[in-house]
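Heads up, structure-v8.cif below (mmCIF, C-alpha atoms and all ligand atoms):
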data_coords
#
loop_
_atom_site.label_atom_id
_atom_site.label_comp_id
_atom_site.auth_asym_id
_atom_site.auth_seq_id
_atom_site.Cartn_x
_atom_site.Cartn_y
_atom_site.Cartn_z
CA MET A 43 0.00 0.00 0.00
CA THR A 44 1.20 3.51 -0.80
CA GLU A 45 2.50 5.34 2.22
CA ARG A 46 0.45 8.30 3.43
CA ILE A 47 1.64 11.58 4.91
CA VAL A 48 -0.49 14.18 6.68
CA LEU A 49 0.66 17.74 6.04
CA ALA A 50 -0.07 20.78 8.23
CA TYR A 51 -1.61 22.93 5.51
CA SER A 52 -2.13 26.70 5.67
CA GLY A 53 -3.34 27.31 2.13
CA GLY A 54 -0.30 29.49 1.38
CA LEU A 55 2.32 29.04 -1.34
CA ASP A 56 4.85 26.99 0.61
CA THR A 57 2.52 24.32 1.96
CA SER A 58 0.57 24.21 -1.33
CA VAL A 59 3.77 23.37 -3.18
CA ALA A 60 4.79 21.00 -0.39
CA ILE A 61 1.90 18.69 -1.32
CA GLY A 62 3.38 17.85 -4.74
CA TRP A 63 6.97 18.25 -3.59
CA ILE A 64 6.58 15.64 -0.86
CA GLY A 65 4.75 13.38 -3.29
CA GLU A 66 7.58 13.56 -5.82
CA ALA A 67 10.35 13.16 -3.23
CA THR A 68 8.82 10.27 -1.29
CA GLY A 69 6.22 8.63 -3.51
CA ALA A 70 3.71 9.00 -0.67
CA GLU A 71 0.12 10.23 -0.86
CA VAL A 72 -0.42 13.55 0.88
CA ILE A 73 -3.41 14.44 3.05
CA ALA A 74 -3.72 18.16 3.74
CA VAL A 75 -4.78 19.17 7.26
CA ALA A 76 -6.07 22.70 7.76
CA VAL A 77 -7.01 23.89 11.25
CA ASP A 78 -8.92 27.08 11.98
CA VAL A 79 -7.47 28.69 15.11
CA GLY A 80 -9.18 32.00 14.45
CA GLN A 81 -6.64 33.26 11.93
CA GLY A 82 -9.33 34.79 9.73
CA GLY A 83 -8.87 35.03 5.97
CA GLU A 84 -10.11 32.34 3.62
CA SER A 85 -12.83 29.84 4.47
CA LEU A 86 -11.91 26.26 5.28
CA GLU A 87 -13.83 25.17 2.18
CA THR A 88 -11.68 27.38 -0.07
CA ILE A 89 -8.56 25.98 1.55
CA ARG A 90 -9.83 22.41 1.17
CA GLN A 91 -10.48 22.92 -2.55
CA ARG A 92 -7.02 24.40 -3.06
CA ALA A 93 -5.38 21.46 -1.27
CA LEU A 94 -7.19 19.03 -3.56
CA GLY A 95 -6.32 21.21 -6.56
CA CYS A 96 -2.66 21.01 -5.56
CA GLY A 97 -2.75 17.23 -5.54
CA ALA A 98 -3.75 16.19 -2.02
CA VAL A 99 -5.59 12.85 -2.01
CA GLU A 100 -7.73 13.99 0.91
CA ALA A 101 -8.26 17.21 2.84
CA TYR A 102 -9.06 17.27 6.55
CA VAL A 103 -10.35 20.63 7.74
CA ALA A 104 -11.33 21.47 11.32
CA ASP A 105 -12.80 24.54 12.94
CA ALA A 106 -10.82 24.46 16.18
CA SER A 107 -11.38 28.10 17.09
CA ASP A 108 -13.45 27.42 20.22
CA GLU A 109 -11.21 24.52 21.20
CA PHE A 110 -8.17 26.78 20.78
CA ALA A 111 -9.73 29.59 22.82
CA ASN A 112 -10.98 27.31 25.62
CA GLU A 113 -8.12 24.87 25.99
CA TYR A 114 -5.07 26.88 24.87
CA CYS A 115 -5.71 30.62 25.20
CA MET A 116 -7.47 30.32 28.57
CA PRO A 117 -4.64 28.40 30.26
CA ALA A 118 -2.24 31.05 28.89
CA LEU A 119 -4.47 33.76 30.35
CA LYS A 120 -4.67 32.02 33.74
CA ALA A 121 -0.86 31.84 33.72
CA ASN A 122 -0.59 35.52 32.61
CA ALA A 123 1.80 33.97 30.12
CA LEU A 124 4.33 36.39 28.66
CA TYR A 125 7.58 34.80 27.46
CA GLN A 126 10.52 36.98 28.50
CA GLY A 127 7.97 39.33 30.00
CA HIS A 128 6.68 40.40 26.57
CA TYR A 129 5.37 37.74 24.21
CA PRO A 130 1.91 36.24 24.81
CA LEU A 131 2.89 32.94 23.10
CA VAL A 132 0.65 33.46 20.08
CA SER A 133 2.27 30.84 17.82
CA ALA A 134 3.55 28.67 20.65
CA ILE A 135 0.04 27.81 21.92
CA SER A 136 -1.38 27.16 18.45
CA ARG A 137 1.08 24.39 17.55
CA PRO A 138 -0.18 21.88 20.14
CA VAL A 139 -3.81 22.17 18.97
CA ILE A 140 -2.69 21.72 15.35
CA VAL A 141 -0.65 18.70 16.45
CA LYS A 142 -3.76 17.16 18.02
CA HIS A 143 -5.60 17.42 14.72
CA LEU A 144 -2.61 16.17 12.73
CA VAL A 145 -2.46 13.04 14.86
CA LYS A 146 -6.23 12.59 14.61
CA ALA A 147 -6.08 12.93 10.83
CA ALA A 148 -3.11 10.54 10.64
CA ARG A 149 -5.18 7.91 12.47
CA GLU A 150 -8.27 8.55 10.36
CA PHE A 151 -6.44 8.26 7.05
CA GLY A 152 -3.84 5.66 8.02
CA ALA A 153 -0.81 7.92 7.65
CA THR A 154 2.61 6.99 9.02
CA THR A 155 4.25 10.41 8.78
CA VAL A 156 3.46 14.00 9.66
CA ALA A 157 4.82 16.92 7.61
CA HIS A 158 4.97 20.63 8.39
CA GLY A 159 6.22 23.72 6.57
CA CYS A 160 8.69 25.02 9.16
CA THR A 161 12.32 25.86 8.52
CA GLY A 162 15.16 24.37 10.53
CA LYS A 163 15.87 27.62 12.37
CA GLY A 164 12.77 28.27 14.41
CA ASN A 165 10.78 27.12 17.39
CA ASP A 166 7.75 25.89 15.50
CA GLN A 167 9.51 22.80 14.08
CA VAL A 168 10.35 21.83 17.67
CA ARG A 169 6.79 22.39 18.88
CA PHE A 170 5.32 20.32 16.04
CA GLU A 171 7.73 17.45 16.34
CA VAL A 172 7.92 17.23 20.13
CA GLY A 173 4.12 17.32 20.16
CA ILE A 174 3.94 14.53 17.57
CA GLN A 175 6.48 12.47 19.53
CA THR A 176 4.25 12.76 22.58
CA LEU A 177 0.80 12.21 21.05
CA GLY A 178 1.79 9.84 18.25
CA PRO A 179 5.13 8.28 19.15
CA ASP A 180 4.90 5.85 16.23
CA LEU A 181 4.59 8.67 13.67
CA LYS A 182 7.59 9.98 11.73
CA CYS A 183 8.11 13.68 10.96
CA ILE A 184 9.30 15.40 7.82
CA ALA A 185 9.73 19.09 6.98
CA PRO A 186 10.11 19.73 3.23
CA VAL A 187 11.67 23.18 3.65
CA ARG A 188 14.25 21.79 6.06
CA ASP A 189 14.65 18.19 4.86
CA LEU A 190 13.76 18.25 1.15
CA ALA A 191 15.45 21.50 0.06
CA LEU A 192 12.19 23.31 -0.73
CA THR A 193 13.31 26.95 -1.02
CA ARG A 194 11.07 29.94 -1.81
CA ASP A 195 12.42 30.24 -5.38
CA LYS A 196 11.94 26.55 -6.05
CA ALA A 197 8.42 26.77 -4.64
CA ILE A 198 7.49 29.57 -7.04
CA ALA A 199 9.05 27.73 -10.00
CA PHE A 200 7.26 24.49 -9.05
CA ALA A 201 3.88 26.21 -8.68
CA GLU A 202 4.23 27.87 -12.07
CA GLU A 203 5.50 24.77 -13.83
CA LYS A 204 2.64 22.62 -12.50
CA GLY A 205 0.04 25.37 -12.83
CA LEU A 206 -1.01 25.06 -9.19
CA PRO A 207 -4.10 27.09 -8.21
CA ILE A 208 -2.11 29.47 -6.02
CA GLU A 209 -0.83 32.98 -6.46
CA THR A 210 2.95 33.21 -6.82
CA THR A 211 3.25 36.90 -7.60
CA LYS A 212 2.09 38.38 -4.30
CA LYS A 213 5.36 39.00 -2.56
CA ASN A 214 5.15 39.38 1.18
CA PRO A 215 8.56 40.24 2.58
CA TYR A 216 7.58 38.99 6.06
CA SER A 217 6.94 35.65 7.67
CA ILE A 218 3.57 35.96 9.37
CA ASP A 219 1.68 33.65 11.69
CA GLN A 220 -1.66 34.62 13.15
CA ASN A 221 -4.58 33.32 15.15
CA VAL A 222 -7.20 34.72 17.49
CA TRP A 223 -4.65 35.20 20.31
CA GLY A 224 -2.50 37.48 18.15
CA ARG A 225 -0.24 37.95 15.19
CA ALA A 226 3.52 37.43 14.75
CA VAL A 227 5.60 39.12 12.06
CA GLU A 228 9.28 38.48 11.42
CA THR A 229 12.12 38.49 8.85
CA GLY A 230 12.94 40.88 5.98
CA TYR A 231 13.46 44.51 6.84
CA LEU A 232 12.89 43.73 10.54
CA GLU A 233 16.09 41.70 10.73
CA ASP A 234 17.98 44.97 11.14
CA ILE A 235 17.01 45.50 14.77
CA TRP A 236 17.55 49.25 14.53
CA ASN A 237 14.82 49.53 11.87
CA GLY A 238 11.48 50.57 13.29
CA PRO A 239 8.41 48.64 12.14
CA THR A 240 6.65 50.25 9.19
CA LYS A 241 2.90 50.91 9.21
CA ASP A 242 2.08 48.13 6.73
CA ILE A 243 3.24 45.49 9.21
CA TYR A 244 0.18 45.83 11.40
CA ASP A 245 -3.21 44.28 10.81
CA TYR A 246 -4.89 43.63 14.20
CA THR A 247 -4.19 47.12 15.57
CA ALA A 248 -4.72 50.70 14.45
CA ALA A 249 -1.98 53.27 15.01
CA PRO A 250 -2.11 54.29 18.70
CA GLU A 251 -0.92 57.81 17.82
CA PHE A 252 -4.33 58.74 16.42
CA PRO A 253 -6.81 56.93 18.66
CA PRO A 254 -10.57 57.34 18.66
CA ALA A 255 -12.24 58.52 21.90
CA PRO A 256 -11.34 56.45 25.00
CA ASP A 257 -13.26 53.18 25.29
CA GLU A 258 -14.23 52.01 28.77
CA VAL A 259 -14.90 48.30 29.13
CA ILE A 260 -15.97 46.09 32.03
CA ILE A 261 -14.65 42.55 31.86
CA SER A 262 -16.20 39.98 34.22
CA PHE A 263 -14.30 36.86 35.19
CA GLU A 264 -15.28 33.60 36.85
CA ALA A 265 -12.43 31.47 38.20
CA GLY A 266 -9.92 33.25 35.96
CA ILE A 267 -11.99 33.00 32.75
CA PRO A 268 -13.69 36.00 31.08
CA VAL A 269 -17.44 35.35 31.07
CA ALA A 270 -19.00 38.74 30.27
CA ILE A 271 -18.09 42.02 28.58
CA ASP A 272 -20.10 45.05 29.63
CA GLY A 273 -22.59 42.67 31.21
CA VAL A 274 -23.14 40.59 28.08
CA ARG A 275 -22.28 36.89 28.50
CA VAL A 276 -19.52 35.70 26.20
CA THR A 277 -17.58 32.53 25.48
CA PRO A 278 -13.79 32.75 25.73
CA LEU A 279 -13.59 32.97 21.92
CA GLN A 280 -16.12 35.81 21.84
CA ALA A 281 -14.29 37.63 24.64
CA ILE A 282 -10.98 37.49 22.77
CA LYS A 283 -12.58 38.56 19.48
CA GLU A 284 -14.49 41.45 21.05
CA LEU A 285 -11.34 42.73 22.75
CA ASN A 286 -9.29 42.24 19.59
CA ARG A 287 -11.73 44.60 17.96
CA ARG A 288 -12.02 47.20 20.72
CA ALA A 289 -8.45 47.17 22.04
CA GLY A 290 -7.17 46.82 18.48
CA ALA A 291 -8.97 50.02 17.45
CA GLN A 292 -7.01 51.79 20.21
CA GLY A 293 -3.65 50.34 19.17
CA VAL A 294 -3.32 48.24 22.32
CA GLY A 295 -0.96 45.26 22.29
CA ARG A 296 1.78 46.18 19.84
CA ILE A 297 5.03 44.49 20.86
CA ASP A 298 8.50 44.89 19.34
CA VAL A 299 11.13 42.56 20.83
CA VAL A 300 14.30 40.60 20.25
CA GLU A 301 13.63 37.21 21.79
CA ASP A 302 15.60 34.08 22.61
CA ARG A 303 14.64 31.17 20.40
CA LEU A 304 15.07 27.65 21.69
CA VAL A 305 17.60 26.91 18.92
CA GLY A 306 19.96 29.53 20.34
CA ILE A 307 19.28 32.41 17.96
CA LYS A 308 18.12 35.84 19.07
CA SER A 309 15.42 37.04 16.71
CA ARG A 310 13.45 40.22 16.10
CA GLU A 311 9.70 39.85 16.38
CA ILE A 312 6.78 42.18 15.99
CA TYR A 313 3.60 41.02 17.68
CA GLU A 314 0.15 42.46 17.94
CA ALA A 315 -2.17 40.92 20.47
CA PRO A 316 -4.79 43.48 21.47
CA GLY A 317 -7.32 41.06 22.97
CA ALA A 318 -4.72 38.93 24.71
CA MET A 319 -2.89 41.90 26.24
CA ALA A 320 -6.11 43.56 27.43
CA LEU A 321 -7.29 40.28 28.96
CA ILE A 322 -3.96 39.51 30.64
CA THR A 323 -3.84 43.03 32.11
CA ALA A 324 -7.40 42.77 33.45
CA HIS A 325 -6.85 39.23 34.75
CA LYS A 326 -3.65 40.18 36.56
CA HIS A 327 -5.38 43.10 38.27
CA LEU A 328 -8.21 40.83 39.40
CA GLU A 329 -5.65 38.38 40.81
CA ASP A 330 -4.10 41.28 42.71
CA ILE A 331 -7.22 41.52 44.88
CA THR A 332 -8.28 37.86 45.00
CA VAL A 333 -5.09 35.81 45.33
CA GLU A 334 -3.30 35.65 48.67
CA ARG A 335 0.13 37.29 48.76
CA GLU A 336 2.39 34.21 49.04
CA GLN A 337 0.37 32.28 46.49
CA ALA A 338 0.53 35.29 44.15
CA ARG A 339 4.29 35.67 44.48
CA PHE A 340 4.88 32.02 43.84
CA LYS A 341 2.42 32.00 40.95
CA ALA A 342 4.40 34.72 39.17
CA THR A 343 7.43 32.43 38.99
CA VAL A 344 5.26 29.47 38.02
CA GLY A 345 3.72 31.54 35.22
CA GLN A 346 7.16 32.42 33.94
CA ARG A 347 8.29 28.80 33.97
CA TRP A 348 5.01 27.77 32.31
CA SER A 349 5.67 30.31 29.54
CA GLU A 350 9.17 28.97 28.96
CA LEU A 351 7.95 25.38 28.78
CA VAL A 352 5.22 26.29 26.30
CA TYR A 353 7.60 28.43 24.25
CA ASP A 354 10.07 25.55 24.19
CA GLY A 355 7.53 23.07 22.80
CA GLN A 356 6.76 21.23 26.06
CA TRP A 357 2.97 21.72 26.01
CA PHE A 358 2.29 18.01 26.54
CA SER A 359 5.04 17.51 29.14
CA PRO A 360 4.51 16.26 32.70
CA LEU A 361 5.91 19.45 34.27
CA LYS A 362 3.59 21.64 32.23
CA ARG A 363 0.65 19.47 33.35
CA SER A 364 1.69 19.79 37.00
CA LEU A 365 2.04 23.56 36.72
CA ASP A 366 -1.45 23.70 35.16
CA ALA A 367 -2.81 21.97 38.24
CA PHE A 368 -1.16 24.56 40.49
CA ILE A 369 -2.35 27.47 38.35
CA ASP A 370 -5.92 26.12 38.23
CA ASP A 371 -5.94 25.87 42.01
CA THR A 372 -4.97 29.54 42.31
CA GLN A 373 -7.91 30.59 40.12
CA LYS A 374 -10.68 29.39 42.45
CA TYR A 375 -11.45 32.91 43.72
CA VAL A 376 -10.39 34.93 40.66
CA SER A 377 -13.94 36.10 40.01
CA GLY A 378 -15.27 39.63 39.67
CA ASP A 379 -15.24 42.69 37.45
CA ILE A 380 -12.43 44.82 36.09
CA ARG A 381 -13.11 48.20 34.58
CA MET A 382 -10.49 49.40 32.15
CA THR A 383 -9.97 52.22 29.71
CA LEU A 384 -8.61 51.39 26.30
CA HIS A 385 -6.94 54.37 24.73
CA GLY A 386 -3.89 55.39 22.72
CA GLY A 387 -2.12 52.06 22.89
CA GLN A 388 -2.83 51.52 26.59
CA ALA A 389 -5.21 49.31 28.52
CA VAL A 390 -5.41 50.93 31.95
CA VAL A 391 -7.34 49.41 34.83
CA ASN A 392 -9.21 51.94 36.96
CA GLY A 393 -11.72 49.91 38.95
CA ARG A 394 -12.17 46.43 40.38
CA ARG A 395 -14.84 44.62 42.43
CA SER A 396 -15.19 41.05 43.60
CA GLU A 397 -17.29 39.01 46.05
CA THR A 398 -14.17 36.96 46.75
CA SER A 399 -11.79 39.89 47.20
CA LEU A 400 -9.16 39.92 49.95
CA TYR A 401 -9.10 43.71 49.96
CA ASP A 402 -10.35 44.74 53.41
CA PHE A 403 -11.37 48.36 53.50
CA ASP A 404 -11.34 48.47 57.31
CA LEU A 405 -7.77 47.18 57.44
CA ALA A 406 -6.57 49.46 54.63
CA THR A 407 -8.23 52.74 55.55
CA TYR A 408 -6.38 55.65 57.14
CA ASP A 409 -9.73 57.17 58.09
CA THR A 410 -12.02 56.41 60.99
CA GLY A 411 -13.14 52.81 61.07
CA ASP A 412 -9.55 51.59 60.94
CA THR A 413 -9.42 48.12 62.52
CA PHE A 414 -5.66 47.60 62.03
CA ASP A 415 -3.84 47.57 65.39
CA GLN A 416 -0.69 49.61 64.65
CA SER A 417 0.92 48.67 67.96
CA MET A 418 1.59 45.18 66.56
CA ALA A 419 3.92 46.59 63.90
CA ARG A 420 6.91 47.37 66.19
CA GLY A 421 7.34 43.82 67.46
CA PHE A 422 6.75 42.40 64.02
CA ILE A 423 9.50 44.53 62.50
CA GLU A 424 11.88 43.66 65.33
CA LEU A 425 11.53 39.94 64.62
CA TRP A 426 11.39 40.31 60.85
CA GLY A 427 14.77 42.07 60.85
CA MET A 428 16.35 39.83 63.49
CA SER A 429 18.04 37.34 61.16
CA ALA A 430 19.71 39.99 59.00
CA LYS A 431 20.64 41.98 62.11
CA VAL A 432 22.44 38.98 63.66
CA ALA A 433 24.28 38.39 60.37
CA SER A 434 25.35 42.02 60.04
CA GLY A 435 26.66 41.89 63.63
CA ARG A 436 28.81 38.98 62.54
CA ASP A 437 30.05 40.92 59.44
CA ILE A 438 31.15 43.84 61.63
CA ARG A 439 32.85 41.52 64.13
CA VAL A 440 34.80 39.63 61.45
CA ALA A 441 35.81 42.82 59.60
CA GLY A 442 37.18 44.24 62.85
CA GLN A 443 39.49 41.25 63.46
N1 LIG A 501 8.89 33.76 17.37
C1 LIG A 501 7.55 33.37 17.67
C2 LIG A 501 7.53 32.00 18.28
O1 LIG A 501 8.47 31.29 18.15
C3 LIG A 501 6.65 33.49 16.49
C4 LIG A 501 6.88 32.50 15.38
C5 LIG A 501 5.97 32.79 14.26
N2 LIG A 501 6.12 31.89 13.20
C6 LIG A 501 6.23 32.27 11.92
N3 LIG A 501 6.33 31.35 11.03
N4 LIG A 501 6.25 33.51 11.58
O2 LIG A 501 6.58 31.64 18.92
#
What do you get writing this file as structure tokens?
Ligand code: ARG
Amino acid sequence: MTERIVLAYSGGLDTSVAIGWIGEATGAEVIAVAVDVGQGGESLETIRQRALGCGAVEAYVADASDEFANEYCMPALKANALYQGHYPLVSAISRPVIVKHLVKAAREFGATTVAHGCTGKGNDQVRFEVGIQTLGPDLKCIAPVRDLALTRDKAIAFAEEKGLPIETTKKNPYSIDQNVWGRAVETGYLEDIWNGPTKDIYDYTAAPEFPPAPDEVIISFEAGIPVAIDGVRVTPLQAIKELNRRAGAQGVGRIDVVEDRLVGIKSREIYEAPGAMALITAHKHLEDITVEREQARFKATVGQRWSELVYDGQWFSPLKRSLDAFIDDTQKYVSGDIRMTLHGGQAVVNGRRSETSLYDFDLATYDTGDTFDQSMARGFIELWGMSAKVASGRDIRVAGQ
């Protein structure tokens, strides 16, 4: 029987050519797998037809936008996940959900190998292949760009020679990956890290320099998950989309960074993630009033480690699973409302309320009604400083010898 390969298919030039390219190089039949993670653009049906037109024997298409929002974006939100303090893991969280569908399609169509369009220099190849190793350990992986010498020029020549139903003239100088959690732009002119991003790079956000009137929004959370916007119930997907629209109009969530790839390269990235950044900001502020101090401090380091694991392709790893359990436990009381103003590139919180808040007005107030017994502070400070005081006494004694 002819061998079968499932290919992660975007509908773009490179993966469209990859269908025939893999076929010619390996003799295998190719099944195209397209997954909707809220990237917008063409319909799944259009993409399916193109895959078949490019020679795929079957096309598997899946609308995973709710699945992606519920099971991938929400854990990232609960973790306040920002790799290196900046990047909300846009591409990193989409790979595992695509992997799930690739493995499912491989089983359905009896494929032995999974293919993807990544180069050999990035993180995404690692995320795909480590994910495949975990969910389908018997499956092999192949990357035509990396393993079968499929360059851009060869792709264009191949598409033209075979008359593939795909445009080869539209030249985009950037490598772009996008989904409902955000958009990532790299390469080309941006590789000179002194060059500022040009206007044409952005798509999810309007220029923050010329914002419309300030937009005040109330986001309601239950156990760390957004459940209503301005009092209207929403699903996680709807919450992200609505905030992409409203925060995007204000230019919120533009990020320009040089980040550390897993393969050891530092690379320049432009991100725009208006919904994600507005949600993370609101969520963090709600945690500030609902999560106990020591738990909150520890959670910040857990969130950072979680982000590194996910960035590094360890979504399905045991440590990531254990950290999820910790993070979920911290979210029990993260319920309530955050009021924030979106304006001129900023999402600024200016009000919070929660039935499960730890903010105690009577303890905090400097006015009458104060229930905090200030006389306790002296003894507390005495003991709190004791250990360092004893050590500094020793330092003075030793220095004097
Ligand atoms: N550097 C980011 C990451 O590794 C974004 C990668 C985007 N991928 C792309 N093909 N443009 O998560």
Inset, instruction - With only C-alpha atoms and all ligand atoms counted, collect every polymer residue having an atom within 10 Å of ligand LIG 501 (chain A); state the result as a PyMOL selection string. - result: chain A and resi 125+129-137+159-161+164-169+216-220+225-229+299-304+308-313+352-355
Just to be explicit: take each residue in the selection above, keep C-alpha atoms, and write the result as a CSV table (one decimal), in the coordinates of the input.
chain,number,residue,atom,x,y,z
A,125,TYR,CA,7.6,34.8,27.5
A,129,TYR,CA,5.4,37.7,24.2
A,130,PRO,CA,1.9,36.2,24.8
A,131,LEU,CA,2.9,32.9,23.1
A,132,VAL,CA,0.6,33.5,20.1
A,133,SER,CA,2.3,30.8,17.8
A,134,ALA,CA,3.6,28.7,20.6
A,135,ILE,CA,0.0,27.8,21.9
A,136,SER,CA,-1.4,27.2,18.4
A,137,ARG,CA,1.1,24.4,17.6
A,159,GLY,CA,6.2,23.7,6.6
A,160,CYS,CA,8.7,25.0,9.2
A,161,THR,CA,12.3,25.9,8.5
A,164,GLY,CA,12.8,28.3,14.4
A,165,ASN,CA,10.8,27.1,17.4
A,166,ASP,CA,7.8,25.9,15.5
A,167,GLN,CA,9.5,22.8,14.1
A,168,VAL,CA,10.4,21.8,17.7
A,169,ARG,CA,6.8,22.4,18.9
A,216,TYR,CA,7.6,39.0,6.1
A,217,SER,CA,6.9,35.6,7.7
A,218,ILE,CA,3.6,36.0,9.4
A,219,ASP,CA,1.7,33.6,11.7
A,220,GLN,CA,-1.7,34.6,13.2
A,225,ARG,CA,-0.2,38.0,15.2
A,226,ALA,CA,3.5,37.4,14.8
A,227,VAL,CA,5.6,39.1,12.1
A,228,GLU,CA,9.3,38.5,11.4
A,229,THR,CA,12.1,38.5,8.8
A,299,VAL,CA,11.1,42.6,20.8
A,300,VAL,CA,14.3,40.6,20.2
A,301,GLU,CA,13.6,37.2,21.8
A,302,ASP,CA,15.6,34.1,22.6
A,303,ARG,CA,14.6,31.2,20.4
A,304,LEU,CA,15.1,27.6,21.7
A,308,LYS,CA,18.1,35.8,19.1
A,309,SER,CA,15.4,37.0,16.7
A,310,ARG,CA,13.4,40.2,16.1
A,311,GLU,CA,9.7,39.8,16.4
A,312,ILE,CA,6.8,42.2,16.0
A,313,TYR,CA,3.6,41.0,17.7
A,352,VAL,CA,5.2,26.3,26.3
A,353,TYR,CA,7.6,28.4,24.2
A,354,ASP,CA,10.1,25.6,24.2
A,355,GLY,CA,7.5,23.1,22.8
Inset, instruction - Would you list the contacts of Lys146 of chain A as an MDAnalysis selection string, taking every protein, DNA or RNA residue within 12 Å and counting all atoms listed in the file, but skipping same-chain residues closer than 5 positions in sequence? - result: chainID A and resid 48 75 77 102:104 139:141 151:154 156 174 177:178 181
Inset, instruction - Between atom CA of Arg339 of chain A and atom CA of Ile260 of chain A, measure the distance and give it in Å to one decimal. - result: 26.0 Å
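Counting all atoms listed in the file and comparing A:Pro360, A:Gly421, A:Gly65, A:Pro268, the residue that lies closest to Asn112 of chain A is A:Pro268.
The space separating atom CA of Pro215 of chain A from atom CA of Phe200 of chain A comes to 19.6 Å.
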Inset, instruction - Name the residues in contact with segment 114-122 of chain A at a cut-off of 10 Å, using all atoms listed in the file, excluding same-chain residues fewer than 2 positions from it; report them as number ranges by chain. - result: A: 108-112, 124-125, 127, 130-132, 134-139, 222-223, 265-268, 278-279, 282, 318-319, 321-326, 329, 341-349, 352, 357, 365-366, 368-370, 372-373, 376
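Within 10 Å of the point (-11.1, 48.8, 18.1), counting all atoms listed in the file, the protein and nucleic acid residues come to Tyr246, Thr247, Ala248, Pro253, Pro254, Asp257, Glu284, Leu285, Asn286, Arg287, Arg288, Ala289, Gly290, Ala291, Gln292, Gly293, Val294, Pro316, Gly317, Leu384 and His385 of chain A.
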